>>> print(open('start-v2.cif').read())   # mmCIF, N, CA and C atoms
data_work
loop_
_atom_site.label_atom_id
_atom_site.label_comp_id
_atom_site.auth_asym_id
_atom_site.auth_seq_id
_atom_site.Cartn_x
_atom_site.Cartn_y
_atom_site.Cartn_z
N MET L 71 19.70 -20.17 7.10
CA MET L 71 19.10 -18.88 6.92
C MET L 71 17.97 -19.01 5.92
N SER L 72 16.89 -18.31 6.17
CA SER L 72 15.74 -18.28 5.28
C SER L 72 15.55 -16.87 4.77
N GLU L 73 15.54 -16.70 3.45
CA GLU L 73 15.40 -15.38 2.85
C GLU L 73 14.74 -15.49 1.48
N PRO L 74 13.61 -14.81 1.26
CA PRO L 74 12.92 -14.92 -0.02
C PRO L 74 13.46 -14.02 -1.14
N THR L 75 14.16 -12.95 -0.82
CA THR L 75 14.60 -12.03 -1.88
C THR L 75 16.00 -12.37 -2.39
N ALA L 76 16.17 -12.30 -3.70
CA ALA L 76 17.43 -12.71 -4.34
C ALA L 76 18.62 -11.88 -3.86
N LYS L 77 18.47 -10.58 -3.74
CA LYS L 77 19.59 -9.72 -3.34
C LYS L 77 20.06 -10.06 -1.93
N ARG L 78 19.12 -10.23 -1.01
CA ARG L 78 19.50 -10.58 0.37
C ARG L 78 20.03 -12.01 0.46
N GLN L 79 19.54 -12.91 -0.40
CA GLN L 79 20.10 -14.27 -0.44
C GLN L 79 21.57 -14.20 -0.80
N GLN L 80 21.88 -13.39 -1.79
CA GLN L 80 23.27 -13.24 -2.22
C GLN L 80 24.12 -12.65 -1.11
N GLN L 81 23.64 -11.58 -0.48
CA GLN L 81 24.40 -10.94 0.60
C GLN L 81 24.60 -11.89 1.78
N THR L 82 23.53 -12.56 2.17
CA THR L 82 23.59 -13.47 3.31
C THR L 82 24.44 -14.69 3.01
N GLY L 83 24.45 -15.12 1.76
CA GLY L 83 25.24 -16.27 1.36
C GLY L 83 26.72 -16.09 1.59
N GLU L 84 27.15 -14.83 1.72
CA GLU L 84 28.57 -14.55 1.97
C GLU L 84 28.97 -14.88 3.41
N ILE L 85 28.00 -14.94 4.32
CA ILE L 85 28.33 -15.20 5.74
C ILE L 85 27.62 -16.43 6.31
N ALA L 86 26.57 -16.90 5.65
CA ALA L 86 25.82 -18.05 6.16
C ALA L 86 26.26 -19.33 5.46
N ASP L 87 26.17 -20.44 6.15
CA ASP L 87 26.51 -21.73 5.55
C ASP L 87 25.53 -22.10 4.45
N GLU L 88 24.26 -21.78 4.66
CA GLU L 88 23.21 -22.16 3.71
C GLU L 88 22.10 -21.11 3.76
N VAL L 89 21.56 -20.75 2.61
CA VAL L 89 20.44 -19.81 2.53
C VAL L 89 19.34 -20.48 1.73
N PHE L 90 18.16 -20.62 2.36
CA PHE L 90 17.01 -21.25 1.71
C PHE L 90 16.00 -20.19 1.31
N ASN L 91 15.38 -20.38 0.17
CA ASN L 91 14.27 -19.53 -0.24
C ASN L 91 13.00 -20.17 0.30
N PRO L 92 12.33 -19.54 1.27
CA PRO L 92 11.15 -20.16 1.87
C PRO L 92 9.95 -20.23 0.92
N LEU L 93 10.04 -19.58 -0.22
CA LEU L 93 8.96 -19.65 -1.20
C LEU L 93 9.01 -20.94 -2.01
N ILE L 94 10.20 -21.58 -2.03
CA ILE L 94 10.34 -22.82 -2.80
C ILE L 94 10.83 -24.00 -1.95
N THR L 95 11.31 -23.73 -0.74
CA THR L 95 11.85 -24.78 0.12
C THR L 95 11.13 -24.75 1.46
N ASN L 96 10.75 -25.91 1.97
CA ASN L 96 10.19 -25.99 3.31
C ASN L 96 11.37 -25.94 4.28
N VAL L 97 11.61 -24.77 4.83
CA VAL L 97 12.78 -24.54 5.67
C VAL L 97 12.75 -25.40 6.93
N ALA L 98 11.58 -25.53 7.54
CA ALA L 98 11.48 -26.36 8.75
C ALA L 98 11.85 -27.81 8.45
N ASN L 99 11.38 -28.34 7.33
CA ASN L 99 11.74 -29.71 6.95
C ASN L 99 13.24 -29.84 6.75
N GLU L 100 13.86 -28.86 6.10
CA GLU L 100 15.32 -28.87 5.89
C GLU L 100 16.05 -28.84 7.23
N CYS L 101 15.58 -28.01 8.15
CA CYS L 101 16.23 -27.92 9.46
C CYS L 101 16.15 -29.24 10.21
N ARG L 102 14.97 -29.84 10.20
CA ARG L 102 14.83 -31.13 10.88
C ARG L 102 15.65 -32.22 10.20
N ALA L 103 15.69 -32.20 8.87
CA ALA L 103 16.47 -33.20 8.13
C ALA L 103 17.96 -33.09 8.47
N ARG L 104 18.43 -31.88 8.63
CA ARG L 104 19.86 -31.65 8.90
C ARG L 104 20.24 -31.85 10.36
N THR L 105 19.23 -32.01 11.22
CA THR L 105 19.50 -32.21 12.64
C THR L 105 18.97 -33.56 13.13
N GLY L 106 18.82 -34.50 12.21
CA GLY L 106 18.35 -35.83 12.58
C GLY L 106 16.94 -35.84 13.14
N GLY L 107 16.11 -34.87 12.70
CA GLY L 107 14.73 -34.80 13.15
C GLY L 107 14.51 -34.01 14.42
N VAL L 108 15.59 -33.53 15.02
CA VAL L 108 15.50 -32.83 16.31
C VAL L 108 15.00 -31.40 16.15
N GLY L 109 15.50 -30.68 15.17
CA GLY L 109 15.19 -29.26 15.00
C GLY L 109 16.34 -28.40 15.47
N VAL L 110 16.25 -27.13 15.20
CA VAL L 110 17.35 -26.21 15.52
C VAL L 110 17.25 -25.71 16.96
N ASP L 111 18.38 -25.28 17.50
CA ASP L 111 18.43 -24.79 18.88
C ASP L 111 17.82 -23.40 19.03
N VAL L 112 18.05 -22.54 18.04
CA VAL L 112 17.63 -21.14 18.14
C VAL L 112 17.05 -20.68 16.81
N VAL L 113 15.98 -19.91 16.88
CA VAL L 113 15.39 -19.26 15.71
C VAL L 113 15.37 -17.76 15.98
N PHE L 114 15.87 -16.97 15.04
CA PHE L 114 15.75 -15.52 15.07
C PHE L 114 14.76 -15.14 13.98
N ASP L 115 13.59 -14.65 14.36
CA ASP L 115 12.57 -14.27 13.40
C ASP L 115 12.64 -12.76 13.17
N CYS L 116 13.05 -12.40 11.96
CA CYS L 116 13.17 -10.99 11.59
C CYS L 116 12.12 -10.58 10.58
N ALA L 117 11.19 -11.48 10.27
CA ALA L 117 10.21 -11.22 9.21
C ALA L 117 8.99 -10.45 9.71
N GLY L 118 8.47 -10.82 10.86
CA GLY L 118 7.30 -10.15 11.38
C GLY L 118 6.01 -10.50 10.66
N ILE L 119 5.96 -11.72 10.11
CA ILE L 119 4.75 -12.19 9.44
C ILE L 119 4.39 -13.57 9.97
N PRO L 120 3.10 -13.94 9.91
CA PRO L 120 2.70 -15.23 10.46
C PRO L 120 3.47 -16.42 9.87
N ALA L 121 3.76 -16.40 8.58
CA ALA L 121 4.49 -17.52 7.97
C ALA L 121 5.87 -17.68 8.61
N GLY L 122 6.54 -16.59 8.89
CA GLY L 122 7.85 -16.65 9.54
C GLY L 122 7.76 -17.22 10.93
N LEU L 123 6.76 -16.79 11.68
CA LEU L 123 6.54 -17.32 13.03
C LEU L 123 6.25 -18.81 12.97
N ASN L 124 5.32 -19.20 12.13
CA ASN L 124 4.94 -20.62 12.04
C ASN L 124 6.09 -21.49 11.57
N ASN L 125 6.82 -21.05 10.56
CA ASN L 125 7.96 -21.83 10.05
C ASN L 125 9.07 -21.91 11.09
N GLY L 126 9.32 -20.80 11.77
CA GLY L 126 10.35 -20.80 12.81
C GLY L 126 10.02 -21.76 13.94
N MET L 127 8.77 -21.74 14.39
CA MET L 127 8.35 -22.65 15.45
C MET L 127 8.42 -24.10 14.99
N ASP L 128 8.09 -24.33 13.73
CA ASP L 128 8.13 -25.69 13.18
C ASP L 128 9.57 -26.21 13.08
N ALA L 129 10.52 -25.33 12.86
CA ALA L 129 11.93 -25.72 12.73
C ALA L 129 12.61 -25.90 14.09
N LEU L 130 12.04 -25.32 15.12
CA LEU L 130 12.65 -25.28 16.45
C LEU L 130 12.53 -26.61 17.18
N ARG L 131 13.59 -27.00 17.87
CA ARG L 131 13.56 -28.22 18.66
C ARG L 131 12.75 -27.98 19.94
N ILE L 132 12.36 -29.04 20.61
CA ILE L 132 11.70 -28.92 21.90
C ILE L 132 12.64 -28.23 22.87
N ARG L 133 12.14 -27.27 23.58
CA ARG L 133 12.89 -26.45 24.54
C ARG L 133 13.93 -25.57 23.86
N GLY L 134 13.74 -25.32 22.55
CA GLY L 134 14.61 -24.40 21.83
C GLY L 134 14.26 -22.96 22.17
N THR L 135 15.02 -22.05 21.63
CA THR L 135 14.83 -20.63 21.91
C THR L 135 14.37 -19.91 20.65
N TYR L 136 13.25 -19.21 20.76
CA TYR L 136 12.70 -18.42 19.67
C TYR L 136 12.90 -16.95 20.02
N VAL L 137 13.60 -16.21 19.17
CA VAL L 137 13.87 -14.79 19.41
C VAL L 137 13.14 -13.99 18.34
N ASN L 138 12.20 -13.15 18.78
CA ASN L 138 11.47 -12.30 17.85
C ASN L 138 12.19 -10.96 17.75
N VAL L 139 12.78 -10.70 16.60
CA VAL L 139 13.50 -9.47 16.34
C VAL L 139 12.62 -8.49 15.56
N ALA L 140 11.60 -9.02 14.89
CA ALA L 140 10.77 -8.26 13.97
C ALA L 140 9.83 -7.31 14.70
N GLY L 141 9.47 -6.25 13.99
CA GLY L 141 8.40 -5.37 14.43
C GLY L 141 7.12 -5.79 13.73
N TRP L 142 6.10 -6.09 14.50
CA TRP L 142 4.83 -6.56 13.95
C TRP L 142 3.86 -5.40 13.76
N GLU L 143 3.10 -5.41 12.66
CA GLU L 143 2.10 -4.38 12.42
C GLU L 143 0.88 -4.57 13.28
N GLN L 144 0.58 -5.84 13.64
CA GLN L 144 -0.58 -6.17 14.46
C GLN L 144 -0.14 -7.15 15.54
N PRO L 145 -0.91 -7.26 16.63
CA PRO L 145 -0.59 -8.30 17.62
C PRO L 145 -0.66 -9.68 16.96
N VAL L 146 0.17 -10.58 17.39
CA VAL L 146 0.27 -11.91 16.78
C VAL L 146 -1.06 -12.64 16.81
N ARG L 147 -1.77 -12.60 17.90
CA ARG L 147 -3.05 -13.32 18.01
C ARG L 147 -4.02 -12.90 16.92
N GLU L 148 -4.05 -11.63 16.53
CA GLU L 148 -4.95 -11.16 15.50
C GLU L 148 -4.54 -11.67 14.12
N LEU L 149 -3.28 -12.00 13.94
CA LEU L 149 -2.79 -12.47 12.66
C LEU L 149 -3.08 -13.96 12.44
N CYS L 150 -3.24 -14.70 13.52
CA CYS L 150 -3.44 -16.14 13.41
C CYS L 150 -4.92 -16.46 13.24
N SER L 151 -5.19 -17.38 12.36
CA SER L 151 -6.59 -17.81 12.18
C SER L 151 -6.93 -18.81 13.28
N ALA L 152 -8.20 -19.09 13.42
CA ALA L 152 -8.65 -20.03 14.45
C ALA L 152 -8.08 -21.43 14.25
N ALA L 153 -7.77 -21.79 13.00
CA ALA L 153 -7.26 -23.12 12.70
C ALA L 153 -5.78 -23.26 13.04
N GLU L 154 -5.07 -22.14 13.17
CA GLU L 154 -3.64 -22.18 13.45
C GLU L 154 -3.40 -22.08 14.95
N SER L 155 -2.36 -22.71 15.42
CA SER L 155 -1.97 -22.55 16.82
C SER L 155 -0.78 -21.62 16.85
N CYS L 156 -0.91 -20.54 17.54
CA CYS L 156 0.16 -19.54 17.62
C CYS L 156 0.60 -19.35 19.05
#
>>> encode(input="start-v2.cif", output="structure tokens")
Amino acid sequence: MSEPTAKRQQQTGEIADEVFNPLITNVANECRARTGGVGVDVVFDCAGIPAGLNNGMDALRIRGTYVNVAGWEQPVRELCSAAESC
């Protein structure tokens, strides 16, 4: 689980095996390290921000499932810069 706020980290820690703060930990690197470099099977993105999308995709294995739960303020393409692949 990836969560930047302390209160939600504490709440989520009661049900999740591990909670990472994405502001200090590269969550995608942790996911790949814990899966032998393969990546995770499923990502649930509840953040609705480009960093969450990019990190989720980076953590996901090939042919994995990405589930967007978040409500976005703008279309995703408008949020991504020309240098990023979205």
>>> resolve_selection(input="start-v2.cif", expression="the PyMOL selection byres ((chain L and resi 96-109) around 8)", output="number ranges by chain")
L: 71-72, 90-95, 110-112, 124-132, 134
>>> resolve_selection(input="start-v2.cif", expression="the PyMOL selection byres ((chain L and resi 114) around 6)", output="ChimeraX atom specification")
/L:112-113,115-116,136-139
>>> write_last_selection(input="start-v2.cif", atoms="N, CA and C atoms", output="mmCIF file, in the coordinates of the input")
data_model
loop_
_atom_site.group_PDB
_atom_site.id
_atom_site.type_symbol
_atom_site.label_atom_id
_atom_site.label_comp_id
_atom_site.auth_asym_id
_atom_site.auth_seq_id
_atom_site.Cartn_x
_atom_site.Cartn_y
_atom_site.Cartn_z
ATOM 1 N N VAL L 112 18.050 -22.540 18.040
ATOM 2 C CA VAL L 112 17.630 -21.140 18.140
ATOM 3 C C VAL L 112 17.050 -20.680 16.810
ATOM 4 N N VAL L 113 15.980 -19.910 16.880
ATOM 5 C CA VAL L 113 15.390 -19.260 15.710
ATOM 6 C C VAL L 113 15.370 -17.760 15.980
ATOM 7 N N ASP L 115 13.590 -14.650 14.360
ATOM 8 C CA ASP L 115 12.570 -14.270 13.400
ATOM 9 C C ASP L 115 12.640 -12.760 13.170
ATOM 10 N N CYS L 116 13.050 -12.400 11.960
ATOM 11 C CA CYS L 116 13.170 -10.990 11.590
ATOM 12 C C CYS L 116 12.120 -10.580 10.580
ATOM 13 N N TYR L 136 13.250 -19.210 20.760
ATOM 14 C CA TYR L 136 12.700 -18.420 19.670
ATOM 15 C C TYR L 136 12.900 -16.950 20.020
ATOM 16 N N VAL L 137 13.600 -16.210 19.170
ATOM 17 C CA VAL L 137 13.870 -14.790 19.410
ATOM 18 C C VAL L 137 13.140 -13.990 18.340
ATOM 19 N N ASN L 138 12.200 -13.150 18.780
ATOM 20 C CA ASN L 138 11.470 -12.300 17.850
ATOM 21 C C ASN L 138 12.190 -10.960 17.750
ATOM 22 N N VAL L 139 12.780 -10.700 16.600
ATOM 23 C CA VAL L 139 13.500 -9.470 16.340
ATOM 24 C C VAL L 139 12.620 -8.490 15.560
#
>>> closest_residue(input="start-v2.cif", among="L:Glu88, L:Ala117, L:Arg78, L:Gly83", to="L:Gly141", atoms="only C-alpha atoms")
L:Ala117
>>> atom_distance(input="start-v2.cif", atom1="atom N of L:Lys77", atom2="atom C of L:Thr135")
26.4 Å
>>> atom_distance(input="start-v2.cif", atom1="atom N of L:Ala121", atom2="atom C of L:Thr82")
21.5 Å
>>> atom_distance(input="start-v2.cif", atom1="atom N of L:Gly122", atom2="atom N of L:Glu73")
10.5 Å
>>> select_by_dssp(input="start-v2.cif", residues="chain L", states="alpha helix (DSSP H)", output="mmCIF file with N, CA and C atoms, in the coordinates of the input")
data_model
loop_
_atom_site.group_PDB
_atom_site.id
_atom_site.type_symbol
_atom_site.label_atom_id
_atom_site.label_comp_id
_atom_site.auth_asym_id
_atom_site.auth_seq_id
_atom_site.Cartn_x
_atom_site.Cartn_y
_atom_site.Cartn_z
ATOM 1 N N ALA L 76 16.170 -12.300 -3.700
ATOM 2 C CA ALA L 76 17.430 -12.710 -4.340
ATOM 3 C C ALA L 76 18.620 -11.880 -3.860
ATOM 4 N N LYS L 77 18.470 -10.580 -3.740
ATOM 5 C CA LYS L 77 19.590 -9.720 -3.340
ATOM 6 C C LYS L 77 20.060 -10.060 -1.930
ATOM 7 N N ARG L 78 19.120 -10.230 -1.010
ATOM 8 C CA ARG L 78 19.500 -10.580 0.370
ATOM 9 C C ARG L 78 20.030 -12.010 0.460
ATOM 10 N N GLN L 79 19.540 -12.910 -0.400
ATOM 11 C CA GLN L 79 20.100 -14.270 -0.440
ATOM 12 C C GLN L 79 21.570 -14.200 -0.800
ATOM 13 N N GLN L 80 21.880 -13.390 -1.790
ATOM 14 C CA GLN L 80 23.270 -13.240 -2.220
ATOM 15 C C GLN L 80 24.120 -12.650 -1.110
ATOM 16 N N GLN L 81 23.640 -11.580 -0.480
ATOM 17 C CA GLN L 81 24.400 -10.940 0.600
ATOM 18 C C GLN L 81 24.600 -11.890 1.780
ATOM 19 N N THR L 82 23.530 -12.560 2.170
ATOM 20 C CA THR L 82 23.590 -13.470 3.310
ATOM 21 C C THR L 82 24.440 -14.690 3.010
ATOM 22 N N GLY L 83 24.450 -15.120 1.760
ATOM 23 C CA GLY L 83 25.240 -16.270 1.360
ATOM 24 C C GLY L 83 26.720 -16.090 1.590
ATOM 25 N N VAL L 97 11.610 -24.770 4.830
ATOM 26 C CA VAL L 97 12.780 -24.540 5.670
ATOM 27 C C VAL L 97 12.750 -25.400 6.930
ATOM 28 N N ALA L 98 11.580 -25.530 7.540
ATOM 29 C CA ALA L 98 11.480 -26.360 8.750
ATOM 30 C C ALA L 98 11.850 -27.810 8.450
ATOM 31 N N ASN L 99 11.380 -28.340 7.330
ATOM 32 C CA ASN L 99 11.740 -29.710 6.950
ATOM 33 C C ASN L 99 13.240 -29.840 6.750
ATOM 34 N N GLU L 100 13.860 -28.860 6.100
ATOM 35 C CA GLU L 100 15.320 -28.870 5.890
ATOM 36 C C GLU L 100 16.050 -28.840 7.230
ATOM 37 N N CYS L 101 15.580 -28.010 8.150
ATOM 38 C CA CYS L 101 16.230 -27.920 9.460
ATOM 39 C C CYS L 101 16.150 -29.240 10.210
ATOM 40 N N ARG L 102 14.970 -29.840 10.200
ATOM 41 C CA ARG L 102 14.830 -31.130 10.880
ATOM 42 C C ARG L 102 15.650 -32.220 10.200
ATOM 43 N N ALA L 103 15.690 -32.200 8.870
ATOM 44 C CA ALA L 103 16.470 -33.200 8.130
ATOM 45 C C ALA L 103 17.960 -33.090 8.470
ATOM 46 N N ARG L 104 18.430 -31.880 8.630
ATOM 47 C CA ARG L 104 19.860 -31.650 8.900
ATOM 48 C C ARG L 104 20.240 -31.850 10.360
ATOM 49 N N PRO L 120 3.100 -13.940 9.910
ATOM 50 C CA PRO L 120 2.700 -15.230 10.460
ATOM 51 C C PRO L 120 3.470 -16.420 9.870
ATOM 52 N N ALA L 121 3.760 -16.400 8.580
ATOM 53 C CA ALA L 121 4.490 -17.520 7.970
ATOM 54 C C ALA L 121 5.870 -17.680 8.610
ATOM 55 N N GLY L 122 6.540 -16.590 8.890
ATOM 56 C CA GLY L 122 7.850 -16.650 9.540
ATOM 57 C C GLY L 122 7.760 -17.220 10.930
ATOM 58 N N LEU L 123 6.760 -16.790 11.680
ATOM 59 C CA LEU L 123 6.540 -17.320 13.030
ATOM 60 C C LEU L 123 6.250 -18.810 12.970
ATOM 61 N N ASN L 124 5.320 -19.200 12.130
ATOM 62 C CA ASN L 124 4.940 -20.620 12.040
ATOM 63 C C ASN L 124 6.090 -21.490 11.570
ATOM 64 N N ASN L 125 6.820 -21.050 10.560
ATOM 65 C CA ASN L 125 7.960 -21.830 10.050
ATOM 66 C C ASN L 125 9.070 -21.910 11.090
ATOM 67 N N GLY L 126 9.320 -20.800 11.770
ATOM 68 C CA GLY L 126 10.350 -20.800 12.810
ATOM 69 C C GLY L 126 10.020 -21.760 13.940
ATOM 70 N N MET L 127 8.770 -21.740 14.390
ATOM 71 C CA MET L 127 8.350 -22.650 15.450
ATOM 72 C C MET L 127 8.420 -24.100 14.990
ATOM 73 N N ASP L 128 8.090 -24.330 13.730
ATOM 74 C CA ASP L 128 8.130 -25.690 13.180
ATOM 75 C C ASP L 128 9.570 -26.210 13.080
ATOM 76 N N ALA L 129 10.520 -25.330 12.860
ATOM 77 C CA ALA L 129 11.930 -25.720 12.730
ATOM 78 C C ALA L 129 12.610 -25.900 14.090
ATOM 79 N N VAL L 146 0.170 -10.580 17.390
ATOM 80 C CA VAL L 146 0.270 -11.910 16.780
ATOM 81 C C VAL L 146 -1.060 -12.640 16.810
ATOM 82 N N ARG L 147 -1.770 -12.600 17.900
ATOM 83 C CA ARG L 147 -3.050 -13.320 18.010
ATOM 84 C C ARG L 147 -4.020 -12.900 16.920
ATOM 85 N N GLU L 148 -4.050 -11.630 16.530
ATOM 86 C CA GLU L 148 -4.950 -11.160 15.500
ATOM 87 C C GLU L 148 -4.540 -11.670 14.120
ATOM 88 N N LEU L 149 -3.280 -12.000 13.940
ATOM 89 C CA LEU L 149 -2.790 -12.470 12.660
ATOM 90 C C LEU L 149 -3.080 -13.960 12.440
#
>>> select_by_dssp(input="start-v2.cif", residues="stretch 82-132 of chain L", states="strand (DSSP E or B)", output="PyMOL selection string")
chain L and resi 90+110-115+130-132
